[in-house]
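Asker: Got a structure here, written out as structure tokens. Questions coming.
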Amino acid sequence: MDIFWFAAFAVLLAGYFALEGFDIGLGVLLPVLGRSPAARDRLVAAMAPFVLANEVWLVALAGLLFGAFPRLEGRVLSGLYPVVVALLLSWILRDAGLWFRRRADGAAWRTFWDGALWLGSAGLALSWGAALAAVARGLPGSPLDLPGLVAGVVVLALFAVHGWTFAAWRLPGDPAVRGARRDGRALLLSACLAAAPAVGGAAVFASAMVENAAPDGTLTVLGVMVVPFAPLLVGAQVWVWRTFSRGALPSFF
């Protein structure tokens, strides 16, 4: 049973990186690809409908960690405290930039929230890289060190490639992404690259997670409560992609 829940954790983490990675990467690339307000509007509108559905994977991931690995949860959160704080602040800042950027007129307002979107996205990528590096090293005393920074830059670069590939696939013919491959295979490959750090981090931490799993009785009850909702998570994701993948861009982001 503990192996099953570890596998579920790894799938959720990899799914979050593969799906939310293009949102974060596109936010990081916003100043590079969006050289004009109109270009930034198109790029944000291309990825914004997917954000909430992608973030559900992170919520499910956190819930599974608390429920299936409660003895490990405290150790991870305390060992990664500065990284977790940075991640949460970046998450709030990124989403605030996304939702507030078009809630008022004016170039200064739009520029400010576009900057928040970029800064929050970069913070998310760097925080996730530092977190994975710290986990791989057994939760050192200071996770925000040179190896953590290097890992953060690597994750940021992978997310940026994923975001660029997604933008080319979502906005065929747009001058902002001229030169990028536009087919589904390129998007799948970039998703696999974005998910690779998550898979590696989960693999390194596998033994510790299995050893610190909740008792079998708790895991069984958790399965009865959680497994019936898994099709809803997958179904919602399929609906979002079928609805927004190639349709018209929404005008309210």
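Residues in the structure tokens are named by chain (A, B, ... in the order shown) and by number from 1 within that chain; ligands are numbered from 1 in the order shown.
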Pull the closest atom pair for each residue of range 88-145 of chain A that gets at most 10 Å from range 34-46 of chain A, along with the distance in Å to one decimal, counting only C-alpha atoms, ordering rows by chain and then ascending residue number, as JSON lines.

Answerer:
```
{"residue": "A:Leu98", "atom": "CA", "partner": "A:Val44", "partner_atom": "CA", "distance": 7.6}
{"residue": "A:Arg101", "atom": "CA", "partner": "A:Asp41", "partner_atom": "CA", "distance": 9.4}
{"residue": "A:Arg102", "atom": "CA", "partner": "A:Asp41", "partner_atom": "CA", "distance": 9.1}
{"residue": "A:Ala107", "atom": "CA", "partner": "A:Pro37", "partner_atom": "CA", "distance": 8.4}
{"residue": "A:Arg110", "atom": "CA", "partner": "A:Pro37", "partner_atom": "CA", "distance": 8.2}
{"residue": "A:Thr111", "atom": "CA", "partner": "A:Pro37", "partner_atom": "CA", "distance": 8.5}
{"residue": "A:Asp114", "atom": "CA", "partner": "A:Arg40", "partner_atom": "CA", "distance": 8.3}
{"residue": "A:Leu117", "atom": "CA", "partner": "A:Val44", "partner_atom": "CA", "distance": 9.6}
```

Asker: Using the chain letters and numbers from this document, which residues of range 55-221 of chain A does DSSP assign to alpha helix (DSSP H), as a count of residues only?

Answerer: 132

Asker: Tell me which of A:Ala160, A:Met225, A:Val210, A:Val59 sits closest to Ala18 in chain A, counting only C-alpha atoms.

Answerer: A:Ala160

Asker: What's around range 79-85 of chain A at 10 Å? Count only C-alpha atoms, leave out sequence neighbours fewer than 6 positions away in its own chain, and write the answer as an NGL selection string.

Answerer: :A and (73 or 91 or 123-124 or 126-132 or 134-135 or 138-144 or 148)

Asker: Could those selected residues go to a file with C-alpha atoms, as a tab-separated table (two decimals), in the first residue's frame?

Answerer:
```
chain	number	residue	atom	x	y	z
A	73	GLU	CA	5.52	16.09	6.20
A	91	TRP	CA	2.70	31.59	-6.10
A	123	GLY	CA	10.41	32.66	-8.03
A	124	LEU	CA	8.33	29.52	-8.45
A	126	LEU	CA	13.83	28.78	-8.61
A	127	SER	CA	12.04	27.64	-5.44
A	128	TRP	CA	11.08	24.28	-6.92
A	129	GLY	CA	14.64	23.70	-8.10
A	130	ALA	CA	16.04	24.54	-4.67
A	131	ALA	CA	13.47	22.28	-3.00
A	132	LEU	CA	14.32	19.31	-5.20
A	134	ALA	CA	17.59	19.96	-0.93
A	135	VAL	CA	15.49	16.79	-0.93
A	138	GLY	CA	18.83	14.80	2.47
A	139	LEU	CA	17.48	18.21	3.56
A	140	PRO	CA	20.66	20.14	4.43
A	141	GLY	CA	20.63	22.90	7.02
A	142	SER	CA	20.56	25.66	4.40
A	143	PRO	CA	18.57	24.75	1.27
A	144	LEU	CA	19.15	28.19	-0.28
A	148	GLY	CA	20.03	24.92	-4.66
```

Asker: Under the rule that only C-alpha atoms are counted, which of A:Val234, A:Asp95, A:Gly173, A:Leu29 is the nearest residue to Leu52 in chain A?

Answerer: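 Answer, going by the shortest atom-to-atom distance: A:Asp95.
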
Asker: Using only C-alpha atoms, pick whichever of A:Val227, A:Ala168, A:Val32, A:Ala196 has the shortest atom-to-atom distance to Val154 in chain A.

Answerer: A:Ala196

Asker: I'd like the neighbourhood of range 174-191 of chain A as a PDB file with C-alpha atoms, in the first residue's frame, where a residue qualifies if any of its atoms comes within 9 Å (using only C-alpha atoms), though same-chain residues fewer than 2 positions away should be ignored.

Answerer:
```pdb
ATOM      1  CA  GLY A  15       2.109  15.924 -13.637  1.00  0.00           C
ATOM      2  CA  PHE A  17       5.773  19.955 -13.394  1.00  0.00           C
ATOM      3  CA  ALA A  18       4.656  18.861 -16.863  1.00  0.00           C
ATOM      4  CA  LEU A  19       1.457  20.917 -16.831  1.00  0.00           C
ATOM      5  CA  GLY A  21       5.642  24.076 -15.976  1.00  0.00           C
ATOM      6  CA  PHE A  22       4.527  25.713 -19.218  1.00  0.00           C
ATOM      7  CA  VAL A  32      11.370  38.295 -23.794  1.00  0.00           C
ATOM      8  CA  LEU A  33       8.486  37.165 -25.997  1.00  0.00           C
ATOM      9  CA  GLY A  34       6.058  39.965 -25.117  1.00  0.00           C
ATOM     10  CA  ARG A  35       7.812  43.009 -26.508  1.00  0.00           C
ATOM     11  CA  ALA A  39       1.958  40.560 -27.467  1.00  0.00           C
ATOM     12  CA  LEU A  43       0.732  35.209 -24.369  1.00  0.00           C
ATOM     13  CA  LEU A 158      13.498  23.700 -18.525  1.00  0.00           C
ATOM     14  CA  PHE A 159      10.248  25.500 -17.700  1.00  0.00           C
ATOM     15  CA  VAL A 161      11.716  25.852 -22.941  1.00  0.00           C
ATOM     16  CA  HIS A 162       8.399  24.205 -22.084  1.00  0.00           C
ATOM     17  CA  GLY A 163       6.623  27.575 -22.024  1.00  0.00           C
ATOM     18  CA  TRP A 164       8.111  28.605 -25.350  1.00  0.00           C
ATOM     19  CA  THR A 165       7.073  25.305 -26.952  1.00  0.00           C
ATOM     20  CA  PHE A 166       3.573  25.614 -25.517  1.00  0.00           C
ATOM     21  CA  ALA A 167       3.217  29.176 -26.805  1.00  0.00           C
ATOM     22  CA  ALA A 168       4.285  28.067 -30.288  1.00  0.00           C
ATOM     23  CA  TRP A 169       1.747  25.233 -30.205  1.00  0.00           C
ATOM     24  CA  ARG A 170      -1.043  27.415 -28.782  1.00  0.00           C
ATOM     25  CA  LEU A 171      -0.348  30.455 -31.003  1.00  0.00           C
ATOM     26  CA  PRO A 172       0.645  29.090 -34.428  1.00  0.00           C
ATOM     27  CA  LEU A 193      11.913  17.429 -19.914  1.00  0.00           C
ATOM     28  CA  ALA A 194      10.080  19.715 -17.496  1.00  0.00           C
ATOM     29  CA  ALA A 195       8.894  16.710 -15.452  1.00  0.00           C
ATOM     30  CA  ALA A 196      12.328  15.063 -15.332  1.00  0.00           C
TER      31      ALA A 196
END
```
